[in-house]
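Asks: As input, take entry-v8.txt (compact mmCIF, C-alpha atoms):
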```txt
# COMPACT_ATOMS: atom_id res chain seq x y z
CA MET R 1 11.05 11.21 -50.79
CA ASP R 2 12.04 9.56 -47.51
CA ASN R 3 13.86 11.59 -44.85
CA VAL R 4 17.20 9.77 -45.16
CA THR R 5 17.34 10.36 -48.93
CA ARG R 6 16.45 14.02 -48.46
CA LEU R 7 19.22 14.49 -45.91
CA LEU R 8 21.78 12.76 -48.11
CA MET R 9 20.82 14.91 -51.11
CA GLN R 10 20.98 18.10 -49.06
CA GLY R 11 24.41 17.16 -47.76
CA ALA R 12 25.64 16.50 -51.30
CA ALA R 13 24.27 19.84 -52.52
CA GLY R 14 25.97 21.73 -49.70
CA ALA R 15 29.29 20.01 -50.28
CA ALA R 16 29.05 20.69 -54.04
CA GLY R 17 29.00 24.43 -53.55
CA GLY R 18 25.28 25.21 -53.66
CA ALA R 19 23.25 26.76 -50.89
CA THR R 20 24.23 25.35 -47.49
CA TYR R 21 21.63 24.68 -44.82
CA VAL R 22 21.97 23.68 -41.20
CA ASP R 23 20.89 20.14 -42.18
CA ASP R 24 24.11 19.89 -44.19
CA VAL R 25 26.41 20.59 -41.26
CA PHE R 26 24.70 19.54 -38.01
CA SER R 27 22.62 16.62 -36.81
CA THR R 28 21.24 15.20 -33.57
CA LEU R 29 20.76 11.45 -33.93
CA LEU R 30 19.12 9.19 -31.34
CA TRP R 31 19.11 5.39 -31.24
CA SER R 32 18.39 2.43 -29.00
CA GLY R 33 20.97 -0.30 -28.54
CA GLU R 34 20.60 -3.61 -30.36
CA PHE R 35 23.44 -5.73 -28.98
CA THR R 36 23.13 -9.23 -30.44
CA GLY R 37 25.68 -10.91 -28.19
CA ASN R 38 28.35 -10.77 -30.86
CA ALA R 39 31.33 -8.68 -29.80
CA GLY R 40 32.72 -6.46 -32.52
CA THR R 41 29.37 -5.96 -34.29
CA THR R 42 29.23 -2.77 -36.40
CA ARG R 43 26.20 -0.56 -36.85
CA GLN R 44 25.85 2.23 -39.39
CA MET R 45 24.27 5.47 -38.22
CA THR R 46 22.79 7.61 -41.00
CA ASN R 47 22.25 11.33 -40.36
CA GLY R 48 22.92 12.91 -43.76
CA ILE R 49 26.18 14.57 -42.67
CA ASP R 50 29.16 13.99 -44.99
CA LEU R 51 31.83 13.36 -42.40
CA ALA R 52 34.04 11.26 -44.65
CA GLY R 53 34.32 13.88 -47.38
CA GLU R 54 34.03 17.15 -45.47
CA GLY R 55 35.30 16.21 -42.01
CA GLY R 56 33.89 16.99 -38.60
CA LEU R 57 33.20 15.97 -35.02
CA VAL R 58 30.90 13.27 -33.58
CA TRP R 59 29.94 13.46 -29.90
CA ILE R 60 28.20 10.39 -28.40
CA LYS R 61 26.53 10.00 -24.98
CA GLN R 62 24.44 7.27 -23.36
CA ARG R 63 21.21 8.78 -22.06
CA ASN R 64 20.03 6.26 -19.45
CA GLN R 65 23.37 4.86 -18.27
CA ALA R 66 26.22 6.47 -16.34
CA TYR R 67 29.25 4.65 -17.70
CA SER R 68 32.64 6.01 -16.62
CA THR R 69 33.41 6.83 -20.23
CA GLY R 70 30.13 8.61 -20.78
CA HIS R 71 30.83 11.24 -23.39
CA GLN R 72 32.86 10.12 -26.40
CA LEU R 73 34.23 12.73 -28.81
CA TYR R 74 35.78 11.68 -32.14
CA ASP R 75 36.92 13.89 -34.99
CA THR R 76 38.20 13.39 -38.51
CA VAL R 77 41.49 15.19 -37.85
CA ARG R 78 42.57 12.65 -35.21
CA GLY R 79 40.66 9.79 -36.85
CA ALA R 80 38.23 7.09 -35.74
CA GLY R 81 38.94 4.06 -33.57
CA ALA R 82 39.09 3.01 -29.93
CA GLU R 83 42.37 4.82 -29.35
CA LYS R 84 40.94 8.16 -30.58
CA GLU R 85 38.19 8.68 -27.97
CA LEU R 86 38.22 11.86 -25.86
CA ASN R 87 35.87 12.19 -22.89
CA SER R 88 34.45 15.64 -22.14
CA SER R 89 33.80 14.67 -18.50
CA SER R 90 37.42 13.68 -17.88
CA ASN R 91 40.89 15.22 -18.15
CA ALA R 92 42.24 11.86 -19.40
CA VAL R 93 44.43 11.43 -22.44
CA GLU R 94 43.11 10.27 -25.79
CA GLY R 95 41.89 6.66 -25.81
CA ALA R 96 42.05 6.16 -22.04
CA GLY R 97 38.45 5.01 -21.50
CA ASN R 98 38.72 1.20 -21.86
CA ILE R 99 36.88 1.61 -25.15
CA GLU R 100 38.27 -1.65 -26.58
CA THR R 101 36.02 -3.52 -24.16
CA TYR R 102 32.79 -1.57 -24.59
CA GLY R 103 32.61 -0.05 -28.07
CA TRP R 104 33.59 3.01 -30.09
CA LEU R 105 33.09 5.04 -33.27
CA ASN R 106 34.68 2.91 -35.97
CA SER R 107 34.46 5.10 -39.10
CA PHE R 108 33.30 8.43 -40.49
CA ASP R 109 30.97 7.93 -43.45
CA ALA R 110 29.56 9.96 -46.35
CA GLY R 111 26.16 10.09 -44.64
CA GLY R 112 27.02 9.64 -40.96
CA PHE R 113 29.23 7.24 -39.02
CA THR R 114 29.61 3.61 -37.97
CA THR R 115 29.94 2.26 -34.44
CA LYS R 116 31.60 -0.99 -33.36
CA GLY R 117 31.09 -3.12 -30.28
CA GLY R 118 33.99 -3.96 -28.02
CA SER R 119 35.61 -7.25 -27.12
CA THR R 120 33.00 -7.94 -24.43
CA ASP R 121 29.84 -6.06 -25.37
CA SER R 122 28.58 -2.76 -26.78
CA ASP R 123 27.73 -0.76 -23.65
CA TYR R 124 29.08 2.54 -24.92
CA VAL R 125 27.48 2.52 -28.38
CA ASN R 126 24.93 -0.27 -28.91
CA ARG R 127 23.86 -2.10 -25.72
CA THR R 128 20.32 -3.51 -25.61
CA GLY R 129 18.21 -1.41 -23.27
CA VAL R 130 20.49 1.61 -23.52
CA ASN R 131 19.43 4.79 -25.33
CA TYR R 132 22.01 6.97 -27.04
CA ALA R 133 22.35 10.51 -28.36
CA SER R 134 24.90 11.88 -30.79
CA TRP R 135 25.65 15.32 -32.18
CA SER R 136 27.58 15.68 -35.44
CA PHE R 137 29.27 18.95 -36.44
CA ARG R 138 30.58 19.11 -40.01
CA LYS R 139 33.48 21.35 -40.88
CA GLN R 140 32.15 24.40 -42.71
CA LYS R 141 33.28 28.02 -42.92
CA GLY R 142 31.35 30.17 -40.49
CA PHE R 143 30.10 27.15 -38.55
CA PHE R 144 32.79 24.78 -37.32
CA ASP R 145 36.48 23.92 -37.72
CA ILE R 146 38.97 21.53 -36.14
CA VAL R 147 42.59 22.46 -35.50
CA GLU R 148 45.47 20.30 -34.32
CA PHE R 149 48.73 21.78 -33.04
CA THR R 150 51.78 20.99 -30.90
CA GLY R 151 52.77 23.20 -27.99
CA ASN R 152 56.15 24.91 -28.24
CA GLY R 153 56.52 25.97 -24.59
CA THR R 154 56.55 29.71 -25.26
CA SER R 155 54.36 32.32 -23.60
CA SER R 156 52.46 32.84 -26.86
CA GLN R 157 51.77 30.82 -30.00
CA VAL R 158 49.50 31.91 -32.86
CA ILE R 159 47.39 29.05 -34.25
CA SER R 160 45.78 29.32 -37.70
CA HIS R 161 42.24 28.12 -38.32
CA ASN R 162 40.00 27.81 -41.39
CA LEU R 163 36.69 28.98 -39.93
CA GLY R 164 36.80 32.05 -42.17
CA SER R 165 35.21 34.24 -39.49
CA VAL R 166 35.86 35.24 -35.90
CA PRO R 167 35.18 32.27 -33.58
CA GLY R 168 32.47 32.53 -30.97
CA CYS R 169 33.79 29.62 -28.91
CA ILE R 170 36.93 27.46 -28.83
CA ILE R 171 37.06 24.17 -26.92
CA LEU R 172 40.57 22.80 -26.50
CA LYS R 173 42.09 19.58 -25.09
CA ALA R 174 45.60 18.15 -24.82
CA LYS R 175 45.49 14.72 -26.47
CA ASN R 176 48.57 13.23 -24.85
CA ALA R 177 48.44 14.82 -21.39
CA ALA R 178 46.00 14.40 -18.50
CA ASP R 179 45.01 18.05 -18.42
CA ASN R 180 41.64 19.78 -18.17
CA TRP R 181 39.62 20.92 -21.14
CA LYS R 182 39.82 24.68 -21.79
CA VAL R 183 37.05 26.86 -23.20
CA TYR R 184 37.15 30.35 -24.70
CA HIS R 185 33.75 31.99 -25.22
CA ARG R 186 32.99 35.44 -26.56
CA GLY R 187 30.16 35.86 -24.02
CA ILE R 188 32.63 36.27 -21.17
CA ASN R 189 33.91 39.82 -20.78
CA GLY R 190 32.13 40.69 -24.00
CA GLY R 191 34.70 38.69 -25.96
CA VAL R 192 36.93 41.77 -26.06
CA THR R 193 39.96 40.11 -24.51
CA PRO R 194 39.80 36.49 -23.40
CA GLU R 195 41.59 36.86 -20.09
CA LYS R 196 38.82 34.82 -18.52
CA TRP R 197 38.70 31.08 -19.06
CA LEU R 198 36.43 28.18 -18.16
CA LEU R 199 37.87 24.98 -16.72
CA GLY R 200 35.21 22.80 -18.42
CA LEU R 201 34.11 20.83 -20.11
CA ASN R 202 35.11 18.37 -17.41
CA ASP R 203 34.66 20.88 -14.57
CA THR R 204 31.96 23.05 -13.07
CA GLN R 205 34.25 25.93 -12.12
CA ALA R 206 33.27 29.54 -12.71
CA SER R 207 35.30 31.74 -15.05
CA SER R 208 38.59 33.02 -13.67
CA GLU R 209 41.21 35.50 -14.85
CA TYR R 210 44.46 34.11 -16.24
CA THR R 211 46.36 35.64 -19.14
CA GLU R 212 48.31 32.37 -19.41
CA TRP R 213 45.45 30.58 -21.17
CA TRP R 214 44.82 32.69 -24.29
CA ASN R 215 47.63 35.27 -23.86
CA ASN R 216 44.95 37.94 -23.36
CA THR R 217 44.47 38.03 -27.14
CA ALA R 218 41.09 37.81 -28.84
CA PRO R 219 40.76 35.38 -31.78
CA THR R 220 40.51 36.67 -35.33
CA ALA R 221 38.99 35.37 -38.57
CA THR R 222 42.25 33.57 -39.34
CA ASN R 223 43.84 32.59 -36.02
CA PHE R 224 43.69 32.35 -32.25
CA THR R 225 46.47 32.70 -29.69
CA VAL R 226 47.34 30.31 -26.88
CA GLY R 227 49.31 31.28 -23.78
CA GLU R 228 51.89 29.21 -21.98
CA TRP R 229 49.34 27.09 -20.08
CA ASN R 230 47.73 26.01 -23.35
CA ASN R 231 51.09 25.62 -25.04
CA GLU R 232 53.20 23.19 -23.03
CA SER R 233 56.20 21.97 -25.01
CA GLY R 234 55.54 18.68 -26.79
CA TRP R 235 51.90 18.48 -25.83
CA GLU R 236 49.59 17.72 -28.73
CA PHE R 237 46.33 19.68 -28.74
CA ILE R 238 43.01 19.45 -30.55
CA ALA R 239 40.77 22.52 -30.76
CA TYR R 240 37.12 22.65 -31.78
CA VAL R 241 36.34 26.09 -33.21
CA PHE R 242 32.71 27.25 -33.36
CA GLY R 243 31.44 30.14 -35.45
CA HIS R 244 29.17 32.98 -34.43
CA ASP R 245 26.42 34.65 -36.47
CA GLU R 246 28.05 34.24 -39.87
CA GLN R 247 25.14 35.07 -42.19
CA SER R 248 25.98 32.93 -45.21
CA TYR R 249 23.48 30.07 -45.03
CA GLY R 250 20.08 29.27 -46.45
CA GLU R 251 18.59 29.73 -49.90
CA ASN R 252 19.78 33.32 -50.25
CA GLY R 253 23.00 32.93 -48.27
CA ASP R 254 21.89 35.49 -45.69
CA GLN R 255 20.97 33.37 -42.67
CA SER R 256 22.88 32.61 -39.49
CA ILE R 257 22.79 29.05 -38.13
CA ILE R 258 24.92 29.36 -34.97
CA LYS R 259 25.26 31.98 -32.26
CA CYS R 260 27.53 32.11 -29.22
CA GLY R 261 26.26 34.63 -26.70
CA SER R 262 25.36 35.32 -23.11
CA TYR R 263 22.55 36.72 -21.00
CA THR R 264 22.19 37.99 -17.45
CA GLY R 265 20.05 35.91 -15.10
CA ASN R 266 17.24 37.50 -13.07
CA GLY R 267 16.60 34.68 -10.57
CA SER R 268 12.92 34.44 -11.54
CA SER R 269 10.87 31.63 -13.06
CA THR R 270 9.93 34.27 -15.62
CA GLY R 271 13.45 34.51 -16.92
CA PRO R 272 15.14 36.37 -19.75
CA GLU R 273 14.09 35.82 -23.35
CA ILE R 274 17.05 35.44 -25.69
CA ASN R 275 16.56 36.68 -29.26
CA LEU R 276 18.70 34.71 -31.70
CA GLY R 277 16.76 35.59 -34.82
CA PHE R 278 15.92 31.92 -35.26
CA GLU R 279 14.44 29.00 -33.35
CA PRO R 280 17.24 26.70 -32.11
CA GLN R 281 17.37 22.91 -32.11
CA TRP R 282 20.47 22.56 -29.89
CA VAL R 283 21.57 24.71 -26.95
CA LEU R 284 24.65 24.40 -24.74
CA THR R 285 24.67 26.51 -21.55
CA LYS R 286 26.98 27.26 -18.61
CA ASN R 287 26.64 29.74 -15.76
CA ALA R 288 30.05 31.41 -16.00
CA SER R 289 29.66 33.30 -12.71
CA ILE R 290 29.33 30.35 -10.33
CA ASN R 291 30.49 26.78 -9.92
CA ASP R 292 27.77 24.82 -11.69
CA GLU R 293 27.21 22.38 -14.50
CA TRP R 294 27.22 22.58 -18.26
CA TYR R 295 23.99 21.52 -19.99
CA ILE R 296 23.12 20.28 -23.46
CA PHE R 297 19.52 20.59 -24.62
CA ASP R 298 18.21 19.48 -28.02
CA SER R 299 14.80 19.32 -29.63
CA MET R 300 15.20 15.67 -30.65
CA ARG R 301 15.35 14.55 -27.02
CA GLY R 302 12.79 17.23 -26.25
CA ILE R 303 12.66 20.85 -25.14
CA VAL R 304 9.14 20.85 -23.80
CA THR R 305 7.12 24.05 -23.63
CA GLY R 306 5.94 24.36 -20.04
CA GLY R 307 7.33 20.90 -19.23
CA TYR R 308 10.44 19.03 -18.20
CA ASP R 309 13.53 19.46 -20.36
CA PRO R 310 15.91 16.50 -20.77
CA ARG R 311 19.51 17.63 -20.46
CA LEU R 312 22.91 15.98 -20.57
CA ARG R 313 25.97 17.37 -18.81
CA PRO R 314 29.30 17.52 -20.66
CA ASN R 315 31.13 17.67 -17.32
CA SER R 316 29.48 14.48 -16.02
CA SER R 317 29.14 10.84 -17.07
CA GLY R 318 25.72 10.82 -15.37
CA THR R 319 22.42 9.95 -16.96
CA GLU R 320 20.06 12.39 -18.63
CA SER R 321 18.31 14.71 -16.16
CA SER R 322 14.70 15.69 -16.75
CA GLY R 323 13.19 16.40 -13.33
CA ASP R 324 12.17 20.00 -13.98
CA GLN R 325 12.01 22.68 -16.64
CA ARG R 326 14.74 25.06 -17.72
CA LEU R 327 13.74 26.76 -20.98
CA ASP R 328 11.14 27.02 -23.73
CA LEU R 329 11.87 27.50 -27.42
CA THR R 330 10.41 30.49 -29.26
CA PRO R 331 10.27 31.28 -33.01
CA THR R 332 13.18 33.69 -32.48
CA GLY R 333 15.22 32.00 -29.76
CA PHE R 334 14.53 30.66 -26.29
CA LYS R 335 13.07 31.83 -22.99
CA ILE R 336 14.30 30.85 -19.52
CA THR R 337 11.52 29.33 -17.40
CA SER R 338 13.42 28.43 -14.24
CA ASN R 339 14.86 30.30 -11.26
CA ASN R 340 17.57 27.68 -10.81
CA GLY R 341 20.99 29.24 -10.42
CA ASP R 342 22.54 26.95 -13.03
CA ILE R 343 20.65 28.69 -15.84
CA ASN R 344 19.21 31.86 -14.27
CA GLY R 345 21.21 32.95 -11.22
CA SER R 346 20.36 36.56 -10.41
CA GLY R 347 22.98 38.88 -11.86
CA ASN R 348 24.99 35.95 -13.23
CA THR R 349 26.40 35.67 -16.75
CA ILE R 350 25.18 32.54 -18.52
CA ILE R 351 26.90 31.69 -21.79
CA TYR R 352 25.40 29.61 -24.59
CA ILE R 353 25.93 28.10 -28.01
CA ALA R 354 22.72 27.81 -30.03
CA ILE R 355 22.27 26.07 -33.38
CA ARG R 356 19.35 26.81 -35.71
CA ARG R 357 16.58 24.27 -36.26
CA PRO R 358 16.25 22.71 -39.77
```
Can I see the file as structure tokens?

Replies:
Amino acid sequence: MDNVTRLLMQGAAGAAGGATYVDDVFSTLLWSGEFTGNAGTTRQMTNGIDLAGEGGLVWIKQRNQAYSTGHQLYDTVRGAGAEKELNSSSNAVEGAGNIETYGWLNSFDAGGFTTKGGSTDSDYVNRTGVNYASWSFRKQKGFFDIVEFTGNGTSSQVISHNLGSVPGCIILKAKNAADNWKVYHRGINGGVTPEKWLLGLNDTQASSEYTEWWNNTAPTATNFTVGEWNNESGWEFIAYVFGHDEQSYGENGDQSIIKCGSYTGNGSSTGPEINLGFEPQWVLTKNASINDEWYIFDSMRGIVTGGYDPRLRPNSSGTESSGDQRLDLTPTGFKITSNNGDINGSGNTIIYIAIRRP
């Protein structure tokens, strides 16, 4: 059986109520551009994730180009199309990235998604000579959910979600206002009360204390609370809600596929070893103690044992960095192999999201 057929069958089985595996709900897909000179050309990307039926998020980034609209985030709650793009490296409103000229995500499909070139060319999604990466997150209890809400201008608003478990991370953006992305993560302050916030994804700022972001209220298995600075009257928000260690996956329904945690850096090239209980395929990191960048690592682009690790930065439209090493994968997690402050600052708290390998 070829790999595409296997992925499609696994996705169908998961959606039908059988055992759910990480392959059913997450995919890293890489491709090289094939622009033919015809503006508006579509290209179907198959990754085995049922986005049309189950819903989810697709995050696209060019690897070897630094276009101003570098990161493109589309989700099935807001819909596909040029006007629906959000850029993680910008505080801009939805659809502000001149996408009509350079290409966008055109549809969510039963086994992936379809891109479409712009009126001039396909720089953002299918340009010849440009390499691309995408990460797809399907909605699934214990793994990922998407929530849309409108601010009411009060000091506290309770927002319901359908994750079915306590979130490990919440990434939030105002769609119709030029305002920074906001991130809650359980790894800051132990997740007890989220009075600390991160000004990413479009910023490198360290965590700071403001009760106005999450009203100093920890999320629950059914809701999260936004404070007045995440609740401006009339602003329309989208929130991406990530699970943590919900052990309901795999053949026996007892495996975890996502963990949101933190570790303390030691400033040494022999850094901490993080035990997840599984080998990851995708890792997002941020040093929450200092002003420094976010990083995305994935095994499809390469996390090289003892070698250079390609990484993309959600806060930057820049190209993929790979000039040195940051981490090695292990059968039970990952080990830090760098003394760089961004991932191993001595005494610093570094947060992460890690997703299990297939």

Asks: How many Å lie between atom CA of Ile355 of chain R and atom CA of Glu54 of chain R, rounded to one decimal?

Replies: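 Separation between atom CA of Ile355 of chain R and atom CA of Glu54 of chain R: 19.1 Å.
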
Asks: Could you pull the residues within 10 Å of Gln255 of chain R, counting only C-alpha atoms, minus those fewer than 5 positions along the same chain, as a list in words?

Replies: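 The contact residues come out as Thr20, Tyr21, Val22, Asp245, Glu246, Gln247, Ser248, Tyr249, Gly250, Gly277, Phe278 and Arg356 of chain R.
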
Asks: Do a neighbour search on segment 295-304 of chain R at 7 Å with only C-alpha atoms, toss out local chain neighbours closer than 5 positions, and write the hits as a PyMOL selection string.

Replies: chain R and resi 28+281-286+309-314+328

Asks: Pick the closest to Asp145 of chain R from R:Ala92, R:Ala80, R:Ile171, R:Val158: which is it, counting all atoms listed in the file?

Replies: R:Ile171

Asks: Go through segment 5-75 of chain R residue by residue and, counting all atoms listed in the file, keep those with an atom at most 9 Å from segment 104-115 of chain R; for each kept residue give the shortest atom pair and its distance in Å to one decimal, ordered by chain and increasing number, as a tab-separated table.

Replies:
```
residue	atom	partner	partner_atom	distance
R:Leu7	CA	R:Gly111	CA	8.3
R:Leu8	CA	R:Gly111	CA	6.2
R:Gly11	CA	R:Gly111	CA	7.9
R:Thr41	CA	R:Thr115	CA	8.2
R:Thr42	CA	R:Thr115	CA	5.4
R:Arg43	CA	R:Thr115	CA	5.3
R:Gln44	CA	R:Thr114	CA	4.2
R:Met45	CA	R:Phe113	CA	5.3
R:Thr46	CA	R:Gly112	CA	4.7
R:Asn47	CA	R:Gly112	CA	5.1
R:Gly48	CA	R:Gly111	CA	4.4
R:Ile49	CA	R:Gly111	CA	4.9
R:Asp50	CA	R:Ala110	CA	4.3
R:Leu51	CA	R:Phe108	CA	5.5
R:Ala52	CA	R:Asp109	CA	4.7
R:Gly53	CA	R:Ala110	CA	6.3
R:Glu54	CA	R:Ala110	CA	8.5
R:Gly55	CA	R:Phe108	CA	8.2
R:Gly56	CA	R:Phe108	CA	8.8
R:Val58	CA	R:Phe113	CA	8.3
R:Ile60	CA	R:Leu105	CA	8.7
R:Gln72	CA	R:Trp104	CA	8.0
R:Leu73	CA	R:Leu105	CA	9.0
R:Tyr74	CA	R:Leu105	CA	7.3
R:Asp75	CA	R:Phe108	CA	8.6
```

Asks: Looking at R:Asn315, R:Gln140, R:Ser289, R:Asn215, which one is nearest to Asp342 of chain R, with distances taken over all atoms listed in the file?

Replies: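 Ranking R:Asn315, R:Gln140, R:Ser289, R:Asn215 by distance to Asp342 of chain R, first place goes to R:Ser289.
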
Asks: Give as a short mmCIF file (atom, residue, chain, number, x, y, z; two decimals) with C-alpha atoms, in the frame of the given file the set of residues within 10 Å of the point (36.7, 2.4, -23.9), where distances use the file's coordinates and only C-alpha atoms.

Replies:
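Wrote it out as result.cif, contents follow:
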```cif
data_model
loop_
_atom_site.label_atom_id
_atom_site.label_comp_id
_atom_site.auth_asym_id
_atom_site.auth_seq_id
_atom_site.Cartn_x
_atom_site.Cartn_y
_atom_site.Cartn_z
CA TYR R 67 29.25 4.65 -17.70
CA SER R 68 32.64 6.01 -16.62
CA THR R 69 33.41 6.83 -20.23
CA GLY R 70 30.13 8.61 -20.78
CA GLN R 72 32.86 10.12 -26.40
CA ALA R 82 39.09 3.01 -29.93
CA GLU R 83 42.37 4.82 -29.35
CA LYS R 84 40.94 8.16 -30.58
CA GLU R 85 38.19 8.68 -27.97
CA LEU R 86 38.22 11.86 -25.86
CA ASN R 87 35.87 12.19 -22.89
CA GLY R 95 41.89 6.66 -25.81
CA ALA R 96 42.05 6.16 -22.04
CA GLY R 97 38.45 5.01 -21.50
CA ASN R 98 38.72 1.20 -21.86
CA ILE R 99 36.88 1.61 -25.15
CA GLU R 100 38.27 -1.65 -26.58
CA THR R 101 36.02 -3.52 -24.16
CA TYR R 102 32.79 -1.57 -24.59
CA GLY R 103 32.61 -0.05 -28.07
CA TRP R 104 33.59 3.01 -30.09
CA GLY R 118 33.99 -3.96 -28.02
CA ASP R 123 27.73 -0.76 -23.65
CA TYR R 124 29.08 2.54 -24.92
#
```
